[in-house]
file target29.cif (mmCIF, C-alpha atoms and all ligand atoms)
data_data
loop_
_atom_site.label_atom_id
_atom_site.label_comp_id
_atom_site.auth_asym_id
_atom_site.auth_seq_id
_atom_site.Cartn_x
_atom_site.Cartn_y
_atom_site.Cartn_z
CA MET A 1 -32.17 49.28 28.78
CA VAL A 2 -28.61 50.07 27.70
CA LEU A 3 -28.78 52.73 25.00
CA LEU A 4 -25.20 53.87 24.67
CA ASP A 5 -22.22 51.73 25.50
CA ALA A 6 -18.67 52.97 25.07
CA ALA A 7 -15.78 50.67 25.93
CA GLY A 8 -12.07 51.40 26.14
CA LEU A 9 -12.59 54.84 24.65
CA THR A 10 -9.27 56.58 24.13
CA LYS A 11 -8.26 59.82 22.43
CA ARG A 12 -4.68 60.90 21.91
CA PHE A 13 -3.58 64.29 20.65
CA GLY A 14 -0.01 63.63 19.55
CA GLY A 15 1.63 62.06 22.59
CA PHE A 16 -0.99 63.41 25.02
CA VAL A 17 -3.80 61.12 26.18
CA ALA A 18 -6.89 63.31 26.71
CA VAL A 19 -9.33 60.39 27.18
CA ASP A 20 -7.81 57.25 28.60
CA ASP A 21 -9.56 53.89 28.31
CA VAL A 22 -12.99 55.15 29.41
CA ASP A 23 -15.98 52.82 29.78
CA ILE A 24 -19.36 54.51 30.01
CA THR A 25 -22.90 53.18 29.70
CA VAL A 26 -26.06 55.25 29.42
CA ASP A 27 -29.49 53.68 29.98
CA THR A 28 -32.82 54.87 28.63
CA GLY A 29 -34.61 56.95 31.23
CA GLU A 30 -31.52 58.36 32.90
CA VAL A 31 -29.73 61.66 33.15
CA HIS A 32 -26.07 60.69 33.16
CA SER A 33 -23.52 63.40 33.85
CA VAL A 34 -19.80 63.49 33.26
CA ILE A 35 -17.96 65.80 35.61
CA GLY A 36 -14.33 66.48 36.44
CA PRO A 37 -11.88 69.25 37.06
CA ASN A 38 -10.52 71.51 34.31
CA GLY A 39 -8.76 69.61 31.57
CA ALA A 40 -10.09 66.23 32.76
CA GLY A 41 -11.20 65.31 29.24
CA LYS A 42 -14.95 65.97 29.48
CA THR A 43 -15.31 67.92 26.24
CA THR A 44 -13.06 65.48 24.41
CA LEU A 45 -15.20 62.55 25.60
CA PHE A 46 -18.33 64.44 24.54
CA ASN A 47 -16.87 65.02 21.08
CA LEU A 48 -15.98 61.34 20.74
CA LEU A 49 -19.54 60.29 21.63
CA ALA A 50 -21.04 62.92 19.32
CA GLY A 51 -18.77 61.81 16.48
CA ALA A 52 -16.97 65.15 16.18
CA TYR A 53 -13.63 63.45 16.91
CA GLU A 54 -12.32 60.16 15.59
CA VAL A 55 -11.51 57.71 18.35
CA THR A 56 -7.91 56.58 18.80
CA ALA A 57 -9.07 53.32 20.36
CA GLY A 58 -12.24 51.79 21.73
CA GLU A 59 -15.78 51.18 20.57
CA ILE A 60 -19.10 52.96 20.80
CA THR A 61 -22.35 51.06 20.49
CA PHE A 62 -25.75 52.73 20.28
CA ASP A 63 -28.85 50.59 20.65
CA GLY A 64 -26.75 47.53 19.81
CA ARG A 65 -25.23 49.02 16.67
CA ASP A 66 -21.53 49.83 16.33
CA ILE A 67 -21.33 53.58 15.66
CA THR A 68 -17.63 54.06 16.40
CA ASP A 69 -16.92 55.31 12.89
CA LEU A 70 -20.34 56.74 12.03
CA PRO A 71 -19.96 60.38 10.90
CA GLU A 72 -21.38 63.05 13.19
CA HIS A 73 -24.02 64.25 10.71
CA GLU A 74 -25.50 60.75 10.42
CA ARG A 75 -25.95 60.24 14.15
CA PRO A 76 -29.16 62.30 14.50
CA TYR A 77 -30.89 59.94 12.09
CA LEU A 78 -30.14 57.07 14.47
CA GLY A 79 -31.48 59.01 17.44
CA ILE A 80 -28.44 60.80 18.85
CA SER A 81 -28.67 64.58 19.02
CA ARG A 82 -26.33 67.13 20.50
CA GLY A 83 -27.07 70.56 21.88
CA TYR A 84 -27.22 72.92 18.99
CA GLN A 85 -25.11 76.06 18.92
CA ILE A 86 -26.94 78.84 17.14
CA THR A 87 -24.54 80.12 14.52
CA ASN A 88 -24.64 83.26 12.39
CA THR A 89 -27.01 81.66 9.92
CA TYR A 90 -29.66 81.29 12.58
CA GLU A 91 -29.16 84.58 14.42
CA SER A 92 -31.58 86.51 12.25
CA LEU A 93 -34.27 83.83 12.27
CA THR A 94 -37.03 84.04 14.86
CA VAL A 95 -37.47 81.44 17.59
CA PHE A 96 -40.30 79.89 15.57
CA GLU A 97 -38.24 79.82 12.36
CA ASN A 98 -35.23 78.28 14.11
CA LEU A 99 -37.35 75.46 15.51
CA GLN A 100 -39.12 75.03 12.18
CA THR A 101 -35.78 74.68 10.40
CA ALA A 102 -34.51 72.15 12.93
CA VAL A 103 -37.71 70.09 12.74
CA ALA A 104 -37.76 70.22 8.93
CA LEU A 105 -34.13 69.10 8.70
CA TYR A 106 -34.89 65.86 10.47
CA HIS A 107 -38.36 65.32 9.15
CA GLN A 108 -38.44 61.97 7.43
CA ASN A 109 -39.88 63.36 4.25
CA TYR A 110 -38.09 66.64 4.05
CA TYR A 111 -38.81 67.24 0.36
CA ASP A 112 -42.40 66.11 0.68
CA MET A 113 -42.69 68.48 3.58
CA ILE A 114 -41.73 71.42 1.43
CA ARG A 115 -44.31 70.43 -1.16
CA SER A 116 -47.18 69.24 0.89
CA LEU A 117 -49.34 71.38 3.12
CA ALA A 118 -50.29 68.38 5.26
CA ASN A 119 -46.67 67.68 6.15
CA ARG A 120 -46.04 71.34 6.75
CA THR A 121 -48.87 71.30 9.29
CA GLU A 122 -47.23 68.36 11.01
CA VAL A 123 -43.99 70.32 11.29
CA THR A 124 -45.82 73.35 12.64
CA GLU A 125 -47.55 71.23 15.27
CA ARG A 126 -44.20 69.85 16.39
CA VAL A 127 -42.80 73.38 16.60
CA GLU A 128 -45.77 74.48 18.72
CA THR A 129 -45.16 71.58 21.12
CA LEU A 130 -41.51 72.56 21.48
CA LEU A 131 -42.42 76.22 22.03
CA GLU A 132 -44.75 75.24 24.87
CA ARG A 133 -42.40 72.73 26.41
CA PHE A 134 -39.47 75.14 26.45
CA GLU A 135 -41.59 78.09 27.59
CA LEU A 136 -40.61 80.02 24.49
CA ALA A 137 -44.09 80.71 23.12
CA PRO A 138 -44.04 84.39 24.16
CA GLN A 139 -40.77 84.84 22.24
CA ARG A 140 -41.89 83.00 19.11
CA ASN A 141 -41.38 86.03 16.86
CA VAL A 142 -38.19 87.27 18.49
CA GLU A 143 -34.97 86.90 16.52
CA ALA A 144 -32.45 84.53 18.12
CA SER A 145 -29.91 87.36 18.31
CA SER A 146 -32.23 89.31 20.67
CA LEU A 147 -32.92 86.50 23.16
CA SER A 148 -31.68 86.50 26.74
CA HIS A 149 -28.87 84.05 27.40
CA GLY A 150 -31.15 81.57 29.20
CA ASP A 151 -33.84 81.67 26.48
CA ARG A 152 -31.21 81.16 23.83
CA ARG A 153 -29.75 78.10 25.54
CA ARG A 154 -33.25 76.65 25.95
CA LEU A 155 -33.91 77.27 22.27
CA GLU A 156 -30.71 75.40 21.45
CA ILE A 157 -31.86 72.42 23.52
CA GLY A 158 -35.29 72.62 21.86
CA MET A 159 -33.64 72.51 18.44
CA ALA A 160 -31.63 69.46 19.47
CA LEU A 161 -34.92 67.77 20.39
CA ALA A 162 -36.44 68.52 17.01
CA SER A 163 -35.10 65.24 15.64
CA ASP A 164 -36.91 63.35 18.42
CA PRO A 165 -33.69 61.82 19.74
CA ARG A 166 -33.39 58.87 22.07
CA LEU A 167 -30.11 60.25 23.40
CA LEU A 168 -29.49 63.95 23.93
CA LEU A 169 -25.89 65.07 24.45
CA LEU A 170 -25.48 68.41 26.22
CA ASP A 171 -22.24 70.27 26.85
CA GLU A 172 -22.58 72.55 29.89
CA PRO A 173 -26.26 73.35 29.26
CA THR A 174 -26.49 75.88 32.08
CA ALA A 175 -23.19 77.68 31.46
CA GLY A 176 -23.63 81.39 32.07
CA MET A 177 -27.18 81.06 33.43
CA ASP A 178 -28.30 82.69 36.65
CA ALA A 179 -29.81 80.59 39.46
CA GLY A 180 -33.41 80.95 38.22
CA GLU A 181 -32.57 80.04 34.64
CA THR A 182 -30.50 77.07 35.83
CA GLU A 183 -33.43 75.79 37.87
CA ARG A 184 -35.81 76.04 34.89
CA THR A 185 -33.34 74.23 32.65
CA VAL A 186 -32.74 71.50 35.22
CA SER A 187 -36.46 70.73 35.49
CA LEU A 188 -36.77 70.71 31.70
CA ILE A 189 -33.93 68.20 31.44
CA GLN A 190 -35.48 66.03 34.15
CA GLU A 191 -38.83 66.00 32.36
CA LEU A 192 -37.22 64.71 29.16
CA THR A 193 -36.13 61.29 30.22
CA ASP A 194 -39.26 59.11 30.20
CA ASP A 195 -38.36 57.37 26.97
CA MET A 196 -34.96 58.83 26.24
CA ALA A 197 -31.64 59.54 27.94
CA VAL A 198 -29.57 62.65 28.51
CA LEU A 199 -25.81 62.66 28.78
CA LEU A 200 -24.40 65.92 29.96
CA VAL A 201 -20.93 67.20 30.50
CA GLU A 202 -20.66 69.70 33.28
CA HIS A 203 -18.26 71.77 35.26
CA ASP A 204 -20.58 72.83 38.06
CA ILE A 205 -20.77 69.91 40.49
CA GLU A 206 -23.63 71.32 42.57
CA TYR A 207 -26.49 71.35 40.11
CA VAL A 208 -25.25 68.04 38.65
CA MET A 209 -26.05 66.52 42.03
CA THR A 210 -29.71 67.49 41.67
CA VAL A 211 -30.23 66.69 37.98
CA SER A 212 -28.37 63.38 37.57
CA ASP A 213 -29.31 59.76 38.10
CA VAL A 214 -25.74 58.63 37.49
CA ILE A 215 -22.47 60.57 37.57
CA THR A 216 -19.17 59.59 35.99
CA VAL A 217 -16.15 61.46 37.29
CA LEU A 218 -13.11 61.97 35.10
CA GLU A 219 -9.67 63.01 36.18
CA ARG A 220 -6.78 63.31 33.75
CA GLY A 221 -8.75 61.46 31.11
CA ALA A 222 -9.65 58.44 33.23
CA VAL A 223 -12.76 57.45 35.18
CA ILE A 224 -12.10 57.75 38.93
CA ALA A 225 -15.66 57.15 40.13
CA GLU A 226 -19.15 56.33 38.89
CA GLY A 227 -22.45 56.07 40.71
CA PRO A 228 -25.52 57.89 41.98
CA PRO A 229 -25.04 61.45 43.31
CA GLY A 230 -25.06 60.45 46.99
CA GLU A 231 -22.23 58.00 46.46
CA ILE A 232 -20.22 60.43 44.36
CA ARG A 233 -20.55 63.14 46.99
CA GLU A 234 -19.04 60.80 49.59
CA ASP A 235 -16.27 59.45 47.37
CA GLU A 236 -12.83 60.32 48.70
CA ARG A 237 -11.11 60.45 45.33
CA VAL A 238 -13.78 62.78 44.02
CA GLN A 239 -13.48 65.05 47.01
CA GLU A 240 -9.74 65.11 46.52
CA ALA A 241 -10.03 65.88 42.82
CA TYR A 242 -12.40 68.77 43.52
CA LEU A 243 -11.14 70.06 46.82
CA GLY A 244 -7.50 69.09 46.73
CA GLY A 245 -6.46 72.27 44.99
CA LYS A 246 -6.35 70.75 41.52
CA ALA A 247 -9.76 71.97 40.50
CA ASP A 248 -11.54 75.26 40.28
CA ALA A 249 -15.06 73.89 40.57
N1 LIG B 301 -7.47 69.47 19.94
C1 LIG B 301 -6.62 69.28 20.96
N2 LIG B 301 -5.29 69.15 20.75
C2 LIG B 301 -4.44 68.94 21.78
N3 LIG B 301 -4.83 68.83 23.07
C3 LIG B 301 -6.13 68.96 23.34
C4 LIG B 301 -7.10 69.18 22.31
N4 LIG B 301 -8.33 69.25 22.89
C5 LIG B 301 -8.13 69.09 24.21
N5 LIG B 301 -6.82 68.91 24.48
C6 LIG B 301 -6.24 68.68 25.80
O1 LIG B 301 -6.88 67.57 26.37
C7 LIG B 301 -7.12 67.78 27.76
C8 LIG B 301 -8.58 67.60 28.04
O2 LIG B 301 -9.30 68.70 27.48
P1 LIG B 301 -10.87 68.83 27.54
O3 LIG B 301 -11.25 70.12 26.90
O4 LIG B 301 -11.49 67.60 27.02
O5 LIG B 301 -11.09 68.92 29.11
P2 LIG B 301 -12.38 69.37 29.91
O6 LIG B 301 -12.53 68.40 31.03
O7 LIG B 301 -13.52 69.54 29.01
O8 LIG B 301 -11.90 70.76 30.48
P3 LIG B 301 -12.74 72.11 30.81
O9 LIG B 301 -13.56 71.81 32.03
O10 LIG B 301 -11.65 73.09 31.10
O11 LIG B 301 -13.55 72.43 29.60
C9 LIG B 301 -6.59 69.17 28.09
O12 LIG B 301 -5.30 69.03 28.65
C10 LIG B 301 -6.50 69.85 26.75
O13 LIG B 301 -5.45 70.78 26.71
#

call {"tool": "encode", "arguments": {"input": "target29.cif", "output": "structure tokens"}}
result
Amino acid sequence: MVLLDAAGLTKRFGGFVAVDDVDITVDTGEVHSVIGPNGAGKTTLFNLLAGAYEVTAGEITFDGRDITDLPEHERPYLGISRGYQITNTYESLTVFENLQTAVALYHQNYYDMIRSLANRTEVTERVETLLERFELAPQRNVEASSLSHGDRRRLEIGMALASDPRLLLLDEPTAGMDAGETERTVSLIQELTDDMAVLLVEHDIEYVMTVSDVITVLERGAVIAEGPPGEIREDERVQEAYLGGKADA
């Protein structure tokens, strides 16, 4: 089922076209990755889909509803969540408290939750599930500021899942992780997609090949290839973009 459908998506910064007439479709159940060399427009595309940037042209539909102009903060309520970045406010909260805050923020009856013990129990149960799923239970009482890099990134993904999204947007989820941490994160991402979809933007082409069902390749703002990993690996334009001296990946 088509969950996200973007058509003719374009973003100009002054006279510069960072995203140029991009069509992209994400189906429920898939991990869809956007890759491309430095400056290809990946982060800009991500920000358009997340609602952080206004589009210059084009349309974005989510579950059949036009969300092109929907503000970023309203998108989680529709089922679109983006990888959280733990900011100063959350540094001194423990892993448990961070997850609790994220769950409470998107709980349907936030104010009731504060008042009612029953709802609070529901939130706590959800937090416990996330702690288990993200293998963060042993660190439940550790402040976010003291976590290892890998644990912190997994906590951020866990917080993004607190709203029970149908589409999770992740920007370089394994950036800065070592091989072991990357592997753990990749299997977590793969386990997510039974009834939801993940769209990730990534620099590192190798692990994208193992995690993705579909890959879209951008170069200079435009789509140069799209397909399953095997096809993308064999694509001449992709090889040229990555190996032809224009890229660092
Ligand atoms: N706010 C902005 N104002 C002007 N130009 C911008 C802005 N944001 C991005 N750009 C330009 O748009 C192009 C695409 O940038 P973007 O960050 O989307 O690429 P990217 O594929 O994510 O690159 P990287 O892999 O290096 O993160 C770059 O040339 C960049 O300089």

call {"tool": "residues_near_point", "arguments": {"input": "target29.cif", "point": "(-25.8, 60.1, 17.1)", "cutoff": "9 Å", "atoms": "all atoms listed in the file", "output": "PDB file with C-alpha atoms, in the frame of the given file"}}
result
ATOM      1  CA  LEU A  49     -19.540  60.290  21.630  1.00  0.00           C
ATOM      2  CA  ALA A  50     -21.040  62.920  19.320  1.00  0.00           C
ATOM      3  CA  GLY A  51     -18.770  61.810  16.480  1.00  0.00           C
ATOM      4  CA  PHE A  62     -25.750  52.730  20.280  1.00  0.00           C
ATOM      5  CA  ILE A  67     -21.330  53.580  15.660  1.00  0.00           C
ATOM      6  CA  LEU A  70     -20.340  56.740  12.030  1.00  0.00           C
ATOM      7  CA  PRO A  71     -19.960  60.380  10.900  1.00  0.00           C
ATOM      8  CA  GLU A  72     -21.380  63.050  13.190  1.00  0.00           C
ATOM      9  CA  HIS A  73     -24.020  64.250  10.710  1.00  0.00           C
ATOM     10  CA  GLU A  74     -25.500  60.750  10.420  1.00  0.00           C
ATOM     11  CA  ARG A  75     -25.950  60.240  14.150  1.00  0.00           C
ATOM     12  CA  PRO A  76     -29.160  62.300  14.500  1.00  0.00           C
ATOM     13  CA  TYR A  77     -30.890  59.940  12.090  1.00  0.00           C
ATOM     14  CA  LEU A  78     -30.140  57.070  14.470  1.00  0.00           C
ATOM     15  CA  GLY A  79     -31.480  59.010  17.440  1.00  0.00           C
ATOM     16  CA  ILE A  80     -28.440  60.800  18.850  1.00  0.00           C
ATOM     17  CA  SER A  81     -28.670  64.580  19.020  1.00  0.00           C
ATOM     18  CA  ARG A  82     -26.330  67.130  20.500  1.00  0.00           C
ATOM     19  CA  PRO A 165     -33.690  61.820  19.740  1.00  0.00           C
ATOM     20  CA  LEU A 167     -30.110  60.250  23.400  1.00  0.00           C
ATOM     21  CA  LEU A 168     -29.490  63.950  23.930  1.00  0.00           C
ATOM     22  CA  LEU A 169     -25.890  65.070  24.450  1.00  0.00           C
TER      23      LEU A 169
END

call {"tool": "residues_around", "arguments": {"input": "target29.cif", "residues": "Asp178 (chain A)", "least_positions_apart": "4", "cutoff": "10 Å", "atoms": "only C-alpha atoms", "output": "ChimeraX atom specification"}}
result
/A:149-150,174,182-183

call {"tool": "closest_residue", "arguments": {"input": "target29.cif", "among": "A:Ala179, A:Val2, A:Leu161, A:Leu155", "to": "Glu206 (chain A)", "atoms": "all atoms listed in the file"}}
result
A:Ala179

call {"tool": "closest_atom_pairs", "arguments": {"input": "target29.cif", "of": "chain A", "to": "ligand LIG 301 (chain B)", "cutoff": "10 Å", "atoms": "only C-alpha atoms and all ligand atoms", "output": "Markdown table"}}
result
| residue | atom | partner | partner_atom | distance |
| --- | --- | --- | --- | --- |
| A:Lys11 | CA | B:LIG301 | O1 | 8.8 |
| A:Arg12 | CA | B:LIG301 | N3 | 8.0 |
| A:Phe13 | CA | B:LIG301 | C2 | 4.9 |
| A:Gly14 | CA | B:LIG301 | C2 | 7.3 |
| A:Gly15 | CA | B:LIG301 | C2 | 9.2 |
| A:Phe16 | CA | B:LIG301 | N3 | 6.9 |
| A:Val17 | CA | B:LIG301 | O1 | 7.2 |
| A:Ala18 | CA | B:LIG301 | O1 | 4.3 |
| A:Val19 | CA | B:LIG301 | C8 | 7.3 |
| A:Val34 | CA | B:LIG301 | O6 | 9.1 |
| A:Ile35 | CA | B:LIG301 | O6 | 7.6 |
| A:Gly36 | CA | B:LIG301 | O6 | 6.0 |
| A:Pro37 | CA | B:LIG301 | O9 | 5.9 |
| A:Asn38 | CA | B:LIG301 | O10 | 3.8 |
| A:Gly39 | CA | B:LIG301 | O5 | 3.5 |
| A:Ala40 | CA | B:LIG301 | O6 | 3.7 |
| A:Gly41 | CA | B:LIG301 | O4 | 3.2 |
| A:Lys42 | CA | B:LIG301 | O6 | 3.8 |
| A:Thr43 | CA | B:LIG301 | O7 | 3.7 |
| A:Thr44 | CA | B:LIG301 | O4 | 3.7 |
| A:Leu45 | CA | B:LIG301 | O4 | 6.4 |
| A:Phe46 | CA | B:LIG301 | O4 | 7.9 |
| A:Asn47 | CA | B:LIG301 | O4 | 8.4 |
| A:Leu48 | CA | B:LIG301 | O4 | 9.9 |
| A:Tyr53 | CA | B:LIG301 | N1 | 9.1 |
| A:Asp171 | CA | B:LIG301 | O7 | 9.0 |
| A:Glu172 | CA | B:LIG301 | O11 | 9.0 |
| A:Val201 | CA | B:LIG301 | O7 | 7.9 |
| A:Glu202 | CA | B:LIG301 | O9 | 7.5 |
| A:His203 | CA | B:LIG301 | O9 | 5.7 |
| A:Asp204 | CA | B:LIG301 | O9 | 9.3 |
| A:Leu218 | CA | B:LIG301 | O6 | 7.6 |
| A:Glu219 | CA | B:LIG301 | O6 | 8.0 |
| A:Arg220 | CA | B:LIG301 | C8 | 7.4 |
| A:Gly221 | CA | B:LIG301 | C8 | 6.9 |
| A:Ala247 | CA | B:LIG301 | O9 | 9.3 |
| A:Asp248 | CA | B:LIG301 | O9 | 9.2 |
| A:Ala249 | CA | B:LIG301 | O9 | 8.9 |

call {"tool": "closest_residue", "arguments": {"input": "target29.cif", "among": "A:Leu170, A:Leu199, A:Leu188, A:Met177", "to": "Thr216 (chain A)", "atoms": "all atoms listed in the file"}}
result
A:Leu199

call {"tool": "closest_residue", "arguments": {"input": "target29.cif", "among": "A:Met209, A:Val127, A:Ile86, A:Met196", "to": "Arg153 (chain A)", "atoms": "all atoms listed in the file"}}
result
A:Ile86

call {"tool": "residues_around", "arguments": {"input": "target29.cif", "residues": "Ser212 (chain A)", "least_positions_apart": "6", "cutoff": "12 Å", "atoms": "all atoms listed in the file", "output": "list in words"}}
result
Val26, Gly29, Glu30, Val31, His32, Ser33, Val34, Ile35, Val186, Ser187, Ile189, Gln190, Glu191, Thr193, Ala197, Val198, Leu199, Leu200, Val201, Glu202, Ile205, Glu206, Glu226, Gly227, Pro228, Pro229, Gly230 and Ile232 of chain A

call {"tool": "closest_residue", "arguments": {"input": "target29.cif", "among": "A:Glu143, A:Glu91, A:Asp5, A:Asp27", "to": "Thr61 (chain A)", "atoms": "only C-alpha atoms"}}
result
A:Asp5

call {"tool": "atom_distance", "arguments": {"input": "target29.cif", "atom1": "CA of Glu181 (chain A)", "atom2": "CA of Arg154 (chain A)"}}
result
9.4 Å

call {"tool": "residues_near_point", "arguments": {"input": "target29.cif", "point": "(-40.5, 63.4, 16.0)", "cutoff": "8 Å", "atoms": "only C-alpha atoms", "output": "list in words"}}
result
Val103, His107, Arg126, Ala162, Ser163, Asp164 and Pro165 of chain A

call {"tool": "closest_residue", "arguments": {"input": "target29.cif", "among": "A:Val123, A:Glu231, A:Gly64, A:Asp194", "to": "Leu105 (chain A)", "atoms": "all atoms listed in the file"}}
result
A:Val123

call {"tool": "atom_distance", "arguments": {"input": "target29.cif", "atom1": "CA of Thr94 (chain A)", "atom2": "CA of Arg120 (chain A)"}}
result
17.6 Å

call {"tool": "closest_residue", "arguments": {"input": "target29.cif", "among": "A:Val223, A:Leu93, A:Asp23, A:Tyr242", "to": "Ser146 (chain A)", "atoms": "only C-alpha atoms"}}
result
A:Leu93

call {"tool": "atom_distance", "arguments": {"input": "target29.cif", "atom1": "CA of Met159 (chain A)", "atom2": "CA of Ala104 (chain A)"}}
result
10.6 Å

call {"tool": "residues_around", "arguments": {"input": "target29.cif", "residues": "Tyr84 (chain A)", "least_positions_apart": "4", "cutoff": "8 Å", "atoms": "all atoms listed in the file", "output": "list in words"}}
result
Glu156, Ile157, Met159 and Ala160 of chain A

call {"tool": "write_last_selection", "arguments": {"input": "target29.cif", "atoms": "C-alpha atoms", "output": "PDB file, in the coordinates of the input"}}
result
ATOM      1  CA  GLU A 156     -30.710  75.400  21.450  1.00  0.00           C
ATOM      2  CA  ILE A 157     -31.860  72.420  23.520  1.00  0.00           C
ATOM      3  CA  MET A 159     -33.640  72.510  18.440  1.00  0.00           C
ATOM      4  CA  ALA A 160     -31.630  69.460  19.470  1.00  0.00           C
TER       5      ALA A 160
END
